[in-house]
Structure formats: C-alpha cells, structure tokens
Amino acid sequence: MGNPFVEGRVLSPPSTILVIFGASGDLTGRKLVPGCYNLFKDGYLPESFSIVGVSRTPLSDEAFREKLKDGVTKYSRSGIDEEWWKQFSSRIFYQPLDATKEADFIALRERLQRIGGDTIPNYLYYLAVSPSLFGEIAGKLKGADLIETPGGVRETRLIVEKPFGYDLETAQNLASSLYQSAKEEQLYRIDHYLGKETVQNILVFRFANGLFEPIWNRKYVDHIQISVAEDIGVENRGDYFDKAGIVRDFVQNHVFQMLSLLCIEPPNSLSDAEGIRNEKVKVLKSIKRLTPGLVQKHIVRAQYGKGLIKGLDVPAYRDEKGVAKDSTTETYIAMSLEIDNWRWSGVPIFLRVGKRLSKRISEISVHFKQAPLSLFRGRQVESLEQNVLRIQVQPKEGISLRVNSKPPGPRMRVEPVEMDFSYHSSFGIASPEAYERLLLDAMRGEATLFTRQDEIEEAWKILEPVFDSFEELPLYFYEAGSWGPKEAAELLKPYGVRWARL
Ligand SMILES: NC(=O)c1ccc[n+]([C@@H]2O[C@H](COP(=O)([O-])OP(=O)(O)OC[C@H]3O[C@@H](n4cnc5c(N)ncnc54)[C@H](OP(=O)(O)O)[C@@H]3O)[C@@H](O)[C@H]2O)c1
C-alpha cells in the first residue's frame with residue numbers, strides 16, 4: 001500500500017463503492033462529490049468505481065445527479081466539463097435510506113450487490129451526518145452484513161467526520177458505539193487540515209532535508225506560533241457553534257494535529273502509519289497540563305462584536321442566527337503551551353484561533369533564537385530580527401524563511417528578507433483539495449493522515465482543565481475585522497515576543 005510520505009507514484013485504489021450517508025447534505029455537494037469528480041478526471045480512481053448516495057429525501061438517480069452537478073459546477077477546483085461529467089455521473093446512484101430503519105439497510109445491501117455486479121468491490125462508507133447517528137449507522141450496517149472483518153473477502157471502512165465528541169467522555173462513548181460494529185483499523189477519522197499539502201509537507205520538510213532537523217529543538221528554537229484566522233462568522237452553523245465554541249471546533253482537532261506533526265520525534269519509518277501516529281500521541285501526552293490556577297495566565301478568551309469585513313457591516317456574534325443573545329461562547333482563543341519533553345522543554349508555543357478576524361489565513365511559524373549580537377554592538381543593526389520559518393497552510397500554500405541580509409550600499413545595514421517557496425510557482429499546478437487526498441487514501445487503506453482514537457482522547461485531556469475553568473475566565477470582546485482582543489498581545493509580553501504579522 002502506498003504511503004503519502006514516501007511514494008513517487010500514486011497507486012490507483014482497488015475497485016470501490018463509496019457510500020455517502022448524508023447524500024442530500026451540504027458536505028456531499030460542496031466537498032465530497034467535487035473532490036471525487038477531480039480525482040476521476042485526474043485518473044486516480046479505479047476503473048470500477050461508483051458512488052451511492054443515501055439519505056431520507058426521496059430522489060431518483062437522475063435527480064440526485066442533477067443536484068450534484070450544481071455543486072460540482074460551483075465548487076470543483078477545475079470547474080466542470082460536460083464530457084467528463086457525463087462519464088463520471090453515470091457512476092453515481094441514489095438510495096433513499098432512513099438510518100433508523102433496518103429494512104432500509106437490507107435494501108441498501110441489495111442495491112450495492114446489483115451495482116457491484118460480478119466484481120467484489122470494497123465498500124467505503126462516508127458518514128457525512130450528525131455524529132449522533134454514527135453508532136446507529138455502524139450497527140445497522142453490521143446487522144445487514146455490510147461491515148466485514150478486516151482482511152475478509154472485501155475491505156469495508158468507515159470515514160467519520162468531526163466533531164469527535166464534545167469532551168473526553170463523549171469522545172470515548174462515541175468510539176465505544178463504533179467499536180461495537182467496526183475495528184479501530186476500519187475507522188478513518190477525517191481532519192481536512194491533514195489533507196492540505198503544506199501540512200503533509202511538514203514531515204517531508206523536516207525529515208528529507210539535512211538542514212533543519214539538527215536545529216529543530218530547544219537549543220535553537222525560541223518559540224512557535226500557530227495562527228488560524230477566519231474572516232467568516234458562524235454562517236448557518238450558529239446553532240452548532242454556540243454549543244461548541246472555537247476550542248472544540250478548531251483547537252482540539254486541526255490545531256493540535258498541526259502541532260503534533262510539527263513537533264514529533266522522527267518515527268521509525270515514514271511509510272508506517274502507526275509509527276507516525278504513535279509519535280503524534282507522544283507529543284500530545286507531553287503537553288504540559290494547564291492546572292485550573294494556570295489557565296488564567298495562559299489563555300485569552302474572546303467573542304466578536306460587530307464590525308467591518310471587506311468594507312461590509314457584519315453583526316456581532318450574539319446577533320447571529322442560532323446564537324443566544326447572552327451567549328458566552330468564545331469565537332477567539334489565544335493560548336500558550338509547553339511540551340515537556342527532551343526536545344522542546346522550555347520552548348513556548350502560542351496558538352491563536354478566531355472567527356471574523358481581519359483575513360482568512362492559517363500559518364505556522366517557527367521563530368529561531370537570535371544570532372550573537374556582539375559583532376554589531378553599538379550600531380544601528382543591534383536589534384536584529386529573528387530568523388523565522390513560516391509554513392503557510394491557507395489560502396496560499398508555501399514555506400518561507402526570513403533571513404537577515406545586507407541591502408546594497410555603503411552603509412552596514414541589516415534588513416530581513418524572505419526566501420519564498422510557493423507551491424504554485426514551484427510546481428505550476430494548483431494543489432488538490434484536501435478532501436481529494438483523504439478520500440483517495442481511505443480507498444487505498446492508507447491511514448496516516450487520519451486521526452486515531454488515542455490522539456483524540458489525548459487532545460481532550462489537554463483541554464479538560466481549560467473547559468473546567470472557562471466560567472472563571474474573563475470573556476473579552478473584539479471588533480469584527482480586527483486581529484482579535486488586545487489582551488492577546490499581553491499574553492505574549494512576559495516572553496518578550498509579539499504575534500507574527502499575518
Ligand atoms: N459541511 C461542512 O463543511 C462540514 C465540515 C466539517 C464537518 N462536517 C460534519 O459533517 C457532517 C455532515 O455535515 P453537513 O453540513 O453536510 O450536514 P447537513 O447539510 O445538515 O446534512 C445532514 C445529512 O444527514 C442526513 N440525515 C439526517 N438524518 C438522517 C437519517 N435519520 N437517516 C439518513 N440520513 C439522515 C440528511 O439528509 P435527509 O434529511 O435527506 O435524510 C442530510 O443529508 C456533520 O457531522 C458535520 O459536523 C461538515
């Protein structure tokens with residue numbers, strides 16, 4: 001089986017039927033089917049590949065295809081081509097199904113058998129539905145003999161979407177309900193940040209270059225920042241978000257996933273999914289727990305008020321649809337953490353994540369310690385900038401390194417310059433969408449970019465004391481369109497650093 005970090009050529013997956021639960025929903029139309037369309041067009045899908053959409057809404061195959069065509073037209077990164085769409089859509093089917101009705105799963109089994117014909121395709125179930133249905137769907141699939149033991153006549157796998165619980169206990173309950181029908185190795189918990197090229201590139205960058213690994217430690221790294229900024233608000237998810245907040249929605253999953261990849265020890269091999277995941281778990285386990293007394297010093301929690309985004313007035317969070325008028329849910333969080341291990345002890349890690357900020361950007365920056373200043377003492381060049389490695393995750397994907405340099409001229413001056421690598425200019429092609437990569441990997445049984453249950457649980461454990469202290473923490477407010485509350489800058493002051501300019 002191919003591995004994302006070592007292979008040169010992408011192997012086509014074995015014949016597969018992708019069964020999407022939640023076929024009439026947003027994720028299917030916006031991400032999953034446009035992603036499959038591009039995989040098909042780029043020649044990555046097997047000859048024998050079909051999609052079967054299931055949900056309660058009564059739809060014919062034809063009506064379902066028409067509905068999806070709109071989504072592909074709007075959201076496919078390569079647009080839509082009539083000829084390609086004709087070929088692709090002939091592989092799409094729809095089966096009405098209520099997840100609470102056993103008889104519907106028997107009908108699904110019969111439909112899958114008819115579509116598979118003489119072949120024995122693998123079944124990949126994508127659960128794009130509320131997590132409250134995960135256990136029930138898995139149980140009914142198992143009851144209808146649609147989940148097999150791994151290594152059996154066909155591989156059956158389930159992709160599940162976040163949220164993976166609301167806290168440690170609910171995450172464990174969710175996993176237990178899935179384990180009644182499927183084994184951990186059949187569960188593919190998707191985190192679309194791990195499908196992004198630059199996030200995958202973290203490991204290649206670290207372990208395929210001789211240059212960085214020797215300085216990737218407390219001796220040379222001054223601090224690390226991870227920033228995830230969105231300019232959108234809660235859109236039509238106010239109801240869900242108001243119960244979750246930004247820490248559950250973003251930090252527990254995307255941010256901790258990026259952090260753990262950035263800081264892992266070299267695994268035994270980059271071709272072993274379990275080896276990489278074991279190292280990620282070790283990083284999460286090493287994050288110093290914030291005891292309730294420490295939370296105040298290490299966390300700034302805030303919510304957006306009204307403001308201007310791209311010249312347009314936007315409402316305050318409490319005026320968004322689905323949000324309580326007196327809501328105290330955070331839409332912004334800034335945190336400082338430390339990893340208590342041999343490599344990272346004493347290196348502060350700053351995270352900030354927020355909605356309705358000035359622009360949409362996600363970036364990791366590694367700030368290196370200063371060079372000794374003695375050579376320049378007494379000169380204008382005394383305050384040298386730190387070298388900074390910036391890993392841009394979105395919207396632009398790339399990596400840059402800030403180095404100090406002398407501008408031309410007779411005076412000895414030092415100015416920072418950026419050495420830039422952008423995916424687009426270096427490789428000349430647009431990066432595939434994260435979902436494309438992840439769907440393909442799940443079809444191939446390649447689990448490296450999916451999250452294992454112990455990673456989920458460790459992430460919740462780190463956050464438990466934070467949630468326990470939320471009520472005592474002040475909730476600050478910031479103007480929509482700004483860079484967040486001014487108190488976030490205060491968080492960094494004791495360390496003598498500032499937030500990176502994004
Ligand atoms: N949308 C995103 O960008 C996004 C991003 C990350 C994670 N997620 C997660 O992905 C999941 C789906 O999100 P979504 O935005 O696509 O939700 P959605 O638009 O609300 O779709 C939910 C789907 O579930 C189906 N459904 C509900 N009850 C059902 C039942 N008893 N039996 C069968 N089907 C049922 C609905 O179809 P019928 O009403 O026709 O049955 C619908 O197709 C959620 O867990 C969400 O948190 C979504």
# chains A, B, ... in the order shown; residues from 1 in each chain; ligands from 1

call {"tool": "closest_atom_pairs", "arguments": {"of": "chain A", "to": "ligand 1", "cutoff": "7 Å", "atoms": "only C-alpha atoms and all ligand atoms", "output": "CSV"}}
result
residue,atom,partner,partner_atom_place_in_ligand_line,distance
A:Phe21,CA,ligand 1,34 (N),6.1
A:Gly22,CA,ligand 1,43 (O),3.2
A:Ala23,CA,ligand 1,43 (O),4.7
A:Ser24,CA,ligand 1,43 (O),3.7
A:Gly25,CA,ligand 1,19 (O),3.4
A:Asp26,CA,ligand 1,16 (O),3.8
A:Leu27,CA,ligand 1,16 (O),3.7
A:Thr28,CA,ligand 1,16 (O),6.0
A:Val54,CA,ligand 1,34 (N),6.8
A:Ser55,CA,ligand 1,34 (N),3.9
A:Arg56,CA,ligand 1,41 (O),3.5
A:Thr57,CA,ligand 1,40 (O),3.7
A:Leu97,CA,ligand 1,33 (C),5.6
A:Asp98,CA,ligand 1,32 (N),3.7
A:Ala99,CA,ligand 1,32 (N),3.7
A:Thr100,CA,ligand 1,31 (N),5.7
A:Ala128,CA,ligand 1,12 (C),4.0
A:Val129,CA,ligand 1,12 (C),4.1
A:Ser130,CA,ligand 1,45 (O),3.9
A:Pro131,CA,ligand 1,45 (O),5.3
A:Glu161,CA,ligand 1,9 (C),5.1
A:Lys162,CA,ligand 1,7 (C),5.3
A:Pro163,CA,ligand 1,47 (O),5.9

call {"tool": "residues_around", "arguments": {"residues": "Ile224 of chain A", "least_positions_apart": "2", "cutoff": "9 Å", "atoms": "only C-alpha atoms", "output": "list in words"}}
result
Val221, Asp222, Ile226, Val347, Pro348, Ile349, Phe350, Leu351, Ile364, Ser365, Val366, His367 and Phe368 of chain A

call {"tool": "residues_around", "arguments": {"residues": "segment 30-43 of chain A", "least_positions_apart": "4", "cutoff": "6 Å", "atoms": "only C-alpha atoms", "output": "PyMOL selection string"}}
result
chain A and resi 26+71-72+75-76+436

call {"tool": "closest_residue", "arguments": {"among": "A:Ala208, A:Lys86, A:Leu45, A:Leu290", "to": "Val466 of chain A", "atoms": "only C-alpha atoms"}}
result
A:Leu290

call {"tool": "closest_residue", "arguments": {"among": "A:Tyr126, A:Phe49, A:Trp216, A:Tyr94", "to": "Glu66 of chain A", "atoms": "only C-alpha atoms"}}
result
A:Tyr94

call {"tool": "select_by_dssp", "arguments": {"residues": "segment 235-357 of chain A", "states": "alpha helix (DSSP H)", "output": "PyMOL selection string"}}
result
chain A and resi 238-246+256-263+273-286+292-298
